[in-house]
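Student: File name run06.pdb; file contents PDB, C-alpha atoms; full text below.
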```
ATOM      1  CA  MET C   1      21.102  47.166 -19.104
ATOM      2  CA  ASP C   2      20.901  49.820 -16.345
ATOM      3  CA  ASP C   3      21.967  49.379 -12.721
ATOM      4  CA  ARG C   4      18.431  48.847 -11.452
ATOM      5  CA  THR C   5      17.860  45.940 -13.833
ATOM      6  CA  ASN C   6      21.210  44.417 -12.866
ATOM      7  CA  THR C   7      20.272  44.649  -9.175
ATOM      8  CA  ILE C   8      16.940  42.900  -9.697
ATOM      9  CA  PHE C   9      18.556  40.193 -11.788
ATOM     10  CA  GLY C  10      21.251  39.682  -9.153
ATOM     11  CA  TRP C  11      18.740  39.301  -6.334
ATOM     12  CA  ALA C  12      16.706  36.812  -8.366
ATOM     13  CA  LEU C  13      19.797  34.761  -9.132
ATOM     14  CA  ALA C  14      20.829  34.820  -5.480
ATOM     15  CA  ALA C  15      17.375  33.665  -4.374
ATOM     16  CA  ALA C  16      17.446  30.802  -6.850
ATOM     17  CA  GLY C  17      20.880  29.749  -5.645
ATOM     18  CA  THR C  18      19.761  29.889  -2.020
ATOM     19  CA  ALA C  19      16.677  27.765  -2.731
ATOM     20  CA  LEU C  20      18.770  25.188  -4.570
ATOM     21  CA  GLY C  21      21.243  25.021  -1.707
ATOM     22  CA  LEU C  22      18.503  24.560   0.871
ATOM     23  CA  SER C  23      16.952  21.808  -1.213
ATOM     24  CA  ILE C  24      20.239  19.913  -1.445
ATOM     25  CA  ALA C  25      20.924  20.332   2.269
ATOM     26  CA  GLY C  26      17.413  19.169   3.181
ATOM     27  CA  GLY C  27      17.776  16.097   1.007
ATOM     28  CA  MET C  28      21.034  15.187   2.734
ATOM     29  CA  LEU C  29      19.540  15.650   6.236
ATOM     30  CA  PHE C  30      16.273  13.745   5.712
ATOM     31  CA  HIS C  31      17.281  11.128   3.178
ATOM     32  CA  GLY C  32      16.191   7.590   4.138
ATOM     33  CA  GLU C  33      16.586   4.224   2.492
ATOM     34  CA  ARG C  34      13.499   2.542   1.031
ATOM     35  CA  PRO C  35      12.202   0.005   3.611
ATOM     36  CA  GLU C  36      12.467  -3.655   2.771
ATOM     37  CA  LYS C  37       8.747  -4.071   3.528
ATOM     38  CA  PRO C  38       6.573  -1.024   2.785
ATOM     39  CA  GLY C  39       3.960  -0.026   5.329
ATOM     40  CA  TYR C  40       3.756   0.351   9.076
ATOM     41  CA  ALA C  41       3.983  -2.400  11.657
ATOM     42  CA  ILE C  42       0.869  -2.685  13.827
ATOM     43  CA  GLU C  43       1.666  -3.922  17.293
ATOM     44  CA  GLY C  44      -0.211  -7.066  18.275
ATOM     45  CA  VAL C  45      -1.024  -8.153  14.704
ATOM     46  CA  GLU C  46       0.853 -11.182  13.444
ATOM     47  CA  GLU C  47       2.261 -11.129   9.963
ATOM     48  CA  ALA C  48       0.336 -13.277   7.524
ATOM     49  CA  GLY C  49       2.232 -16.343   6.446
ATOM     50  CA  GLY C  50       2.088 -18.350   3.277
ATOM     51  CA  GLY C  51       0.148 -21.162   4.866
ATOM     52  CA  GLY C  52      -3.319 -19.603   4.705
ATOM     53  CA  GLY C  53      -5.614 -18.715   7.614
ATOM     54  CA  ALA C  54      -5.038 -19.535  11.261
ATOM     55  CA  ALA C  55      -5.925 -23.013  12.387
ATOM     56  CA  GLU C  56      -9.215 -23.494  14.186
ATOM     57  CA  VAL C  57      -8.762 -23.655  17.961
ATOM     58  CA  PRO C  58      -9.865 -27.080  19.281
ATOM     59  CA  ILE C  59     -13.037 -26.776  21.331
ATOM     60  CA  ALA C  60     -11.327 -28.639  24.190
ATOM     61  CA  SER C  61      -8.911 -25.716  24.515
ATOM     62  CA  LEU C  62     -11.809 -23.282  24.996
ATOM     63  CA  LEU C  63     -14.086 -25.277  27.286
ATOM     64  CA  GLY C  64     -11.815 -24.914  30.306
ATOM     65  CA  SER C  65     -12.296 -21.135  30.282
ATOM     66  CA  ALA C  66     -15.870 -21.170  28.955
ATOM     67  CA  ASP C  67     -18.497 -19.203  30.874
ATOM     68  CA  PRO C  68     -21.858 -20.999  31.196
ATOM     69  CA  ALA C  69     -23.536 -17.720  32.252
ATOM     70  CA  LYS C  70     -22.509 -16.148  28.954
ATOM     71  CA  GLY C  71     -23.658 -19.309  27.227
ATOM     72  CA  ALA C  72     -27.079 -18.864  28.825
ATOM     73  CA  GLU C  73     -27.257 -15.375  27.322
ATOM     74  CA  VAL C  74     -26.413 -16.718  23.875
ATOM     75  CA  PHE C  75     -28.949 -19.506  24.350
ATOM     76  CA  LYS C  76     -31.720 -16.903  24.702
ATOM     77  CA  LYS C  77     -31.488 -16.680  20.919
ATOM     78  CA  CYS C  78     -32.669 -20.304  20.794
ATOM     79  CA  ALA C  79     -35.724 -19.829  22.999
ATOM     80  CA  ALA C  80     -38.081 -19.469  20.038
ATOM     81  CA  CYS C  81     -37.486 -23.102  19.128
ATOM     82  CA  HIS C  82     -36.140 -24.947  22.159
ATOM     83  CA  THR C  83     -36.861 -25.502  25.829
ATOM     84  CA  ILE C  84     -34.043 -26.667  28.060
ATOM     85  CA  ASN C  85     -35.703 -27.226  31.442
ATOM     86  CA  GLN C  86     -36.070 -30.781  32.752
ATOM     87  CA  GLY C  87     -39.297 -32.269  31.456
ATOM     88  CA  GLY C  88     -39.833 -29.325  29.106
ATOM     89  CA  ALA C  89     -42.041 -29.812  26.095
ATOM     90  CA  ASN C  90     -40.761 -30.114  22.567
ATOM     91  CA  GLY C  91     -41.501 -27.090  20.444
ATOM     92  CA  ILE C  92     -40.387 -26.251  16.935
ATOM     93  CA  GLY C  93     -37.180 -27.955  18.033
ATOM     94  CA  PRO C  94     -36.667 -30.643  20.695
ATOM     95  CA  ASN C  95     -36.239 -30.010  24.395
ATOM     96  CA  LEU C  96     -32.480 -29.867  24.995
ATOM     97  CA  TYR C  97     -32.245 -30.934  28.654
ATOM     98  CA  GLY C  98     -29.545 -33.601  29.055
ATOM     99  CA  THR C  99     -28.600 -33.543  25.371
ATOM    100  CA  LEU C 100     -24.840 -33.975  25.677
ATOM    101  CA  GLY C 101     -24.090 -37.672  25.903
ATOM    102  CA  GLU C 102     -27.388 -38.728  24.302
ATOM    103  CA  PRO C 103     -27.712 -40.497  20.934
ATOM    104  CA  ILE C 104     -27.913 -38.070  18.013
ATOM    105  CA  GLY C 105     -31.371 -37.736  16.467
ATOM    106  CA  GLN C 106     -33.088 -40.112  18.891
ATOM    107  CA  GLY C 107     -35.270 -39.904  21.963
ATOM    108  CA  LYS C 108     -36.513 -36.485  23.093
ATOM    109  CA  GLY C 109     -40.040 -37.658  23.635
ATOM    110  CA  GLY C 110     -40.485 -38.901  20.090
ATOM    111  CA  PHE C 111     -39.464 -35.641  18.402
ATOM    112  CA  ALA C 112     -39.492 -36.012  14.612
ATOM    113  CA  PHE C 113     -35.815 -35.628  13.746
ATOM    114  CA  SER C 114     -34.796 -35.441  10.111
ATOM    115  CA  ASP C 115     -33.279 -38.520   8.478
ATOM    116  CA  ALA C 116     -30.138 -36.472   7.809
ATOM    117  CA  LEU C 117     -29.495 -35.940  11.515
ATOM    118  CA  LYS C 118     -30.489 -39.460  12.507
ATOM    119  CA  SER C 119     -28.023 -40.854   9.964
ATOM    120  CA  VAL C 120     -25.046 -39.164  11.649
ATOM    121  CA  GLY C 121     -24.983 -41.779  14.384
ATOM    122  CA  GLY C 122     -23.108 -41.811  17.660
ATOM    123  CA  ASN C 123     -23.716 -39.627  20.686
ATOM    124  CA  TRP C 124     -23.548 -35.889  21.205
ATOM    125  CA  ASP C 125     -20.009 -35.263  22.464
ATOM    126  CA  PHE C 126     -18.220 -31.922  22.700
ATOM    127  CA  ASP C 127     -16.642 -32.123  19.240
ATOM    128  CA  LYS C 128     -19.892 -33.087  17.536
ATOM    129  CA  MET C 129     -21.829 -30.368  19.335
ATOM    130  CA  ASN C 130     -19.187 -27.835  18.330
ATOM    131  CA  ALA C 131     -19.403 -28.953  14.699
ATOM    132  CA  TRP C 132     -23.230 -28.810  14.804
ATOM    133  CA  LEU C 133     -23.246 -25.286  16.224
ATOM    134  CA  THR C 134     -20.644 -24.229  13.660
ATOM    135  CA  SER C 135     -22.768 -25.324  10.703
ATOM    136  CA  PRO C 136     -25.783 -27.622  11.040
ATOM    137  CA  ARG C 137     -26.078 -28.003   7.263
ATOM    138  CA  LYS C 138     -22.453 -29.080   6.954
ATOM    139  CA  PHE C 139     -22.669 -31.403   9.944
ATOM    140  CA  ALA C 140     -25.828 -33.149   8.700
ATOM    141  CA  ASN C 141     -26.341 -32.531   5.002
ATOM    142  CA  GLY C 142     -30.088 -32.310   4.443
ATOM    143  CA  THR C 143     -31.049 -31.206   7.950
ATOM    144  CA  LYS C 144     -34.181 -29.101   8.246
ATOM    145  CA  MET C 145     -32.442 -26.810  10.728
ATOM    146  CA  THR C 146     -32.228 -23.343   9.160
ATOM    147  CA  PHE C 147     -29.705 -21.909  11.619
ATOM    148  CA  ALA C 148     -26.575 -20.868   9.719
ATOM    149  CA  GLY C 149     -24.167 -21.378  12.612
ATOM    150  CA  LEU C 150     -22.205 -19.578  15.330
ATOM    151  CA  GLY C 151     -19.021 -18.222  13.801
ATOM    152  CA  ASN C 152     -17.401 -17.240  17.122
ATOM    153  CA  PRO C 153     -15.600 -20.241  18.715
ATOM    154  CA  GLN C 154     -15.821 -18.747  22.223
ATOM    155  CA  ASP C 155     -19.589 -18.294  21.870
ATOM    156  CA  ARG C 156     -19.854 -21.955  20.914
ATOM    157  CA  ALA C 157     -17.745 -22.994  23.899
ATOM    158  CA  ASN C 158     -19.892 -20.914  26.242
ATOM    159  CA  VAL C 159     -23.117 -22.410  24.876
ATOM    160  CA  ILE C 160     -21.740 -25.949  25.106
ATOM    161  CA  ALA C 161     -20.670 -25.350  28.707
ATOM    162  CA  TYR C 162     -24.194 -24.123  29.467
ATOM    163  CA  LEU C 163     -25.816 -27.082  27.716
ATOM    164  CA  ASN C 164     -23.576 -29.450  29.653
ATOM    165  CA  GLN C 165     -24.825 -27.994  32.932
ATOM    166  CA  GLN C 166     -28.426 -28.691  31.962
ATOM    167  CA  GLY C 167     -28.763 -32.343  32.887
ATOM    168  CA  SER C 168     -25.612 -33.756  31.271
ATOM    169  CA  ASN C 169     -22.618 -32.759  33.422
ATOM    170  CA  LEU C 170     -20.089 -34.676  31.372
ATOM    171  CA  PRO C 171     -16.446 -34.265  32.431
ATOM    172  CA  LEU C 172     -14.746 -31.648  30.287
ATOM    173  CA  PRO C 173     -12.124 -32.971  27.865
ATOM    174  CA  ALA C 174      -8.473 -32.268  28.568
ATOM    175  CA  ALA C 175      -7.037 -29.412  26.554
ATOM    176  CA  PRO C 176      -4.605 -30.631  23.857
ATOM    177  CA  ALA C 177      -0.907 -29.993  24.331
ATOM    178  CA  ALA C 178       0.429 -26.677  23.080
ATOM    179  CA  GLY C 179       1.014 -26.812  19.349
ATOM    180  CA  ALA C 180      -0.971 -29.992  18.880
ATOM    181  CA  ALA C 181      -3.268 -29.822  15.885
ATOM    182  CA  ALA C 182      -6.839 -31.039  16.107
ATOM    183  CA  ALA C 183      -7.358 -34.099  13.933
ATOM    184  CA  PRO C 184     -11.039 -35.052  13.959
ATOM    185  CA  THR C 185     -11.653 -38.543  12.669
ATOM    186  CA  ASP C 186     -15.444 -38.444  12.804
ATOM    187  CA  PRO C 187     -16.696 -37.737   9.259
ATOM    188  CA  ALA C 188     -19.476 -35.453  10.486
ATOM    189  CA  VAL C 189     -16.965 -33.355  12.417
ATOM    190  CA  ALA C 190     -14.318 -33.358   9.700
ATOM    191  CA  ASN C 191     -16.910 -32.271   7.151
ATOM    192  CA  VAL C 192     -17.261 -28.873   8.820
ATOM    193  CA  THR C 193     -14.506 -27.121   6.861
ATOM    194  CA  GLU C 194     -12.588 -23.942   7.660
ATOM    195  CA  ALA C 195     -14.325 -22.206   4.768
ATOM    196  CA  THR C 196     -17.709 -22.964   6.271
ATOM    197  CA  LYS C 197     -16.586 -21.685   9.664
ATOM    198  CA  GLY C 198     -15.564 -18.366   8.182
ATOM    199  CA  ASP C 199     -18.899 -17.953   6.412
ATOM    200  CA  THR C 200     -21.236 -18.719   9.303
ATOM    201  CA  ALA C 201     -23.554 -16.066  10.693
ATOM    202  CA  ASP C 202     -26.568 -16.053  12.957
ATOM    203  CA  LEU C 203     -30.012 -15.800  11.368
ATOM    204  CA  ALA C 204     -32.748 -13.510  12.656
ATOM    205  CA  ASN C 205     -35.011 -15.124  15.228
ATOM    206  CA  THR C 206     -38.623 -14.580  14.190
ATOM    207  CA  GLY C 207     -40.217 -17.561  15.899
ATOM    208  CA  THR C 208     -42.584 -17.626  18.855
ATOM    209  CA  PRO C 209     -40.972 -18.824  22.119
ATOM    210  CA  ALA C 210     -41.764 -22.447  22.851
ATOM    211  CA  SER C 211     -43.679 -23.337  26.007
ATOM    212  CA  GLY C 212     -41.295 -23.522  28.946
ATOM    213  CA  ALA C 213     -38.485 -21.757  27.093
ATOM    214  CA  PRO C 214     -36.384 -19.159  28.924
ATOM    215  CA  SER C 215     -37.722 -15.634  28.594
ATOM    216  CA  VAL C 216     -36.178 -13.558  25.846
ATOM    217  CA  ASP C 217     -35.270 -10.012  26.834
ATOM    218  CA  PRO C 218     -35.668  -7.135  24.318
ATOM    219  CA  ALA C 219     -31.922  -6.884  23.798
ATOM    220  CA  ALA C 220     -31.691 -10.555  22.965
ATOM    221  CA  GLN C 221     -34.554 -10.236  20.509
ATOM    222  CA  LYS C 222     -32.541  -7.635  18.616
ATOM    223  CA  ASP C 223     -29.620 -10.014  18.399
ATOM    224  CA  LYS C 224     -29.314 -12.402  15.560
ATOM    225  CA  ALA C 225     -30.761 -15.716  16.600
ATOM    226  CA  LEU C 226     -30.182 -19.441  16.594
ATOM    227  CA  GLY C 227     -32.572 -20.419  13.793
ATOM    228  CA  ALA C 228     -35.260 -18.421  12.044
ATOM    229  CA  THR C 229     -38.564 -20.286  12.467
ATOM    230  CA  PRO C 230     -37.206 -23.709  11.437
ATOM    231  CA  PRO C 231     -39.576 -26.506  10.458
ATOM    232  CA  ALA C 232     -40.541 -29.108  13.047
ATOM    233  CA  LYS C 233     -37.516 -31.236  12.258
ATOM    234  CA  GLN C 234     -33.786 -30.997  12.739
TER     235      GLN C 234
END
```
Would you mind writing the structure in this file as structure tokens?
Tutor:
Amino acid sequence: MDDRTNTIFGWALAAAGTALGLSIAGGMLFHGERPEKPGYAIEGVEEAGGGGGAAEVPIASLLGSADPAKGAEVFKKCAACHTINQGGANGIGPNLYGTLGEPIGQGKGGFAFSDALKSVGGNWDFDKMNAWLTSPRKFANGTKMTFAGLGNPQDRANVIAYLNQQGSNLPLPAAPAAGAAAAPTDPAVANVTEATKGDTADLANTGTPASGAPSVDPAAQKDKALGATPPAKQ
């Protein structure tokens, strides 16, 4: 083997040795232990526990900070079926003036309520109205109301606050103590399960505004609505 070949071989061997040394040194400098929990922590997101989804916030906790003006905007989705002004006519759905505090499925100028809703009994209180807006079909099994429900609890609180201002003006319930779990005893309220709440979604509003109903702006018409042309019963 001549000198030139030896030189080339020597340089190749030296380069290999240098690369190996750098690799070892780099591994020592940047070596890290495997984390106990893979992944990255995202600030502001709570770690999921073994107990399932978060508990539903009681409506009484949300009503104190509810915004009736925002509730009025959400209610524009209902204008195809309901009026809410005092003395307003029934349309596809009943006039809703002074509804909170009234007997469920009764009155309203003789509106033809479904037997399912009439059978619930009692009066419209805040918990019952919250359950109804969450899922009418779960609240009154067999109702003719085709609205799927409002999945956002704050939207429901805002709408309820707005409804309460329209002829009812009931005193707002006291917010439960911190950490206190809601324990509804009314069967109609308890029947609205967490699974149903997670699945609710607004339906498209394709009805014609009832006489005396609030005007519906173009933006609101694009929104999903509170009931898609329901029959003349609830």
Student: List the residues selected by the PyMOL selection byres ((chain C and resi 125) around 10) in the file shown, writing them as a ChimeraX atom specification.
Tutor: /C:99-104,122-124,126-130,160,164,170,173
Student: I need the residue nearest Asn95 in chain C from this list: C:Ala14, C:Leu163, C:Asn152, C:Ala175. Use only C-alpha atoms for the distance.
Tutor: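 Smallest separation from Asn95 in chain C among the options: C:Leu163.
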Student: Measure the distance from CA of Gly110 in chain C to CA of Gly87 in chain C in Å and round it to one decimal.
Tutor: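 That distance, rounded to one decimal, is 13.2 Å.
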Student: Using all atoms listed in the file, which protein or nucleic acid residues come within 9 Å of Gly142 in chain C? Drop anything in the same chain fewer than 6 positions from it, and give the result as number ranges by chain.
Tutor: C: 114-117
Student: Would you mind listing what lies within 7 Å of Gln86 in chain C as an mmCIF file with C-alpha atoms, in the coordinates of the input, with all atoms listed in the file counted and same-chain residues fewer than 2 positions away left out?
Tutor:
```cif
data_model
loop_
_atom_site.group_PDB
_atom_site.id
_atom_site.type_symbol
_atom_site.label_atom_id
_atom_site.label_comp_id
_atom_site.auth_asym_id
_atom_site.auth_seq_id
_atom_site.Cartn_x
_atom_site.Cartn_y
_atom_site.Cartn_z
ATOM 1 C CA ILE C 84 -34.043 -26.667 28.060
ATOM 2 C CA GLY C 88 -39.833 -29.325 29.106
ATOM 3 C CA TYR C 97 -32.245 -30.934 28.654
#
```
Student: Between C:Ser168, C:Ala161, C:Thr134, C:Asp155, which has the minimum distance to Ala190 in chain C (counting all atoms listed in the file)?
Tutor: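 Result for the nearest residue to Ala190 in chain C: C:Thr134.
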Student: For this file, the PyMOL selection byres ((chain C and resi 112) around 12) selects which residues, as an NGL selection string?
Tutor: :C and (90-95 or 105-111 or 113-118 or 143-144 or 231-234)
Student: Would you mind listing what lies within 12 Å of Ala178 in chain C as a ChimeraX atom specification, with all atoms listed in the file counted and same-chain residues fewer than 5 positions away left out?
Tutor: /C:57-58,60-61
Student: Give as a ChimeraX atom specification each residue that has an atom at most 12 Å from (-17.9, -27.2, 14.1) in the file, counting only C-alpha atoms.
Tutor: /C:56-59,125-140,148-157,160,182,184,186-198,200
Student: What does the distance from CA of Leu63 in chain C to CA of Ala80 in chain C come to in Å, to one decimal?
Tutor: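 For CA of Leu63 in chain C relative to CA of Ala80 in chain C, the distance reads 25.7 Å.
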Student: Check what the PyMOL selection byres ((chain C and resi 162) around 9) selects in the file above and give those residues as a list of chain:residue names.
Tutor: C:Ala66, C:Asp67, C:Pro68, C:Ala69, C:Lys70, C:Gly71, C:Ala72, C:Phe75, C:Ala157, C:Asn158, C:Val159, C:Ile160, C:Ala161, C:Leu163, C:Asn164, C:Gln165, C:Gln166
Student: Report, in Å to a single decimal, how far apart CA of Ala89 in chain C and CA of Gly167 in chain C are.
Tutor: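 A separation of 15.1 Å between them.
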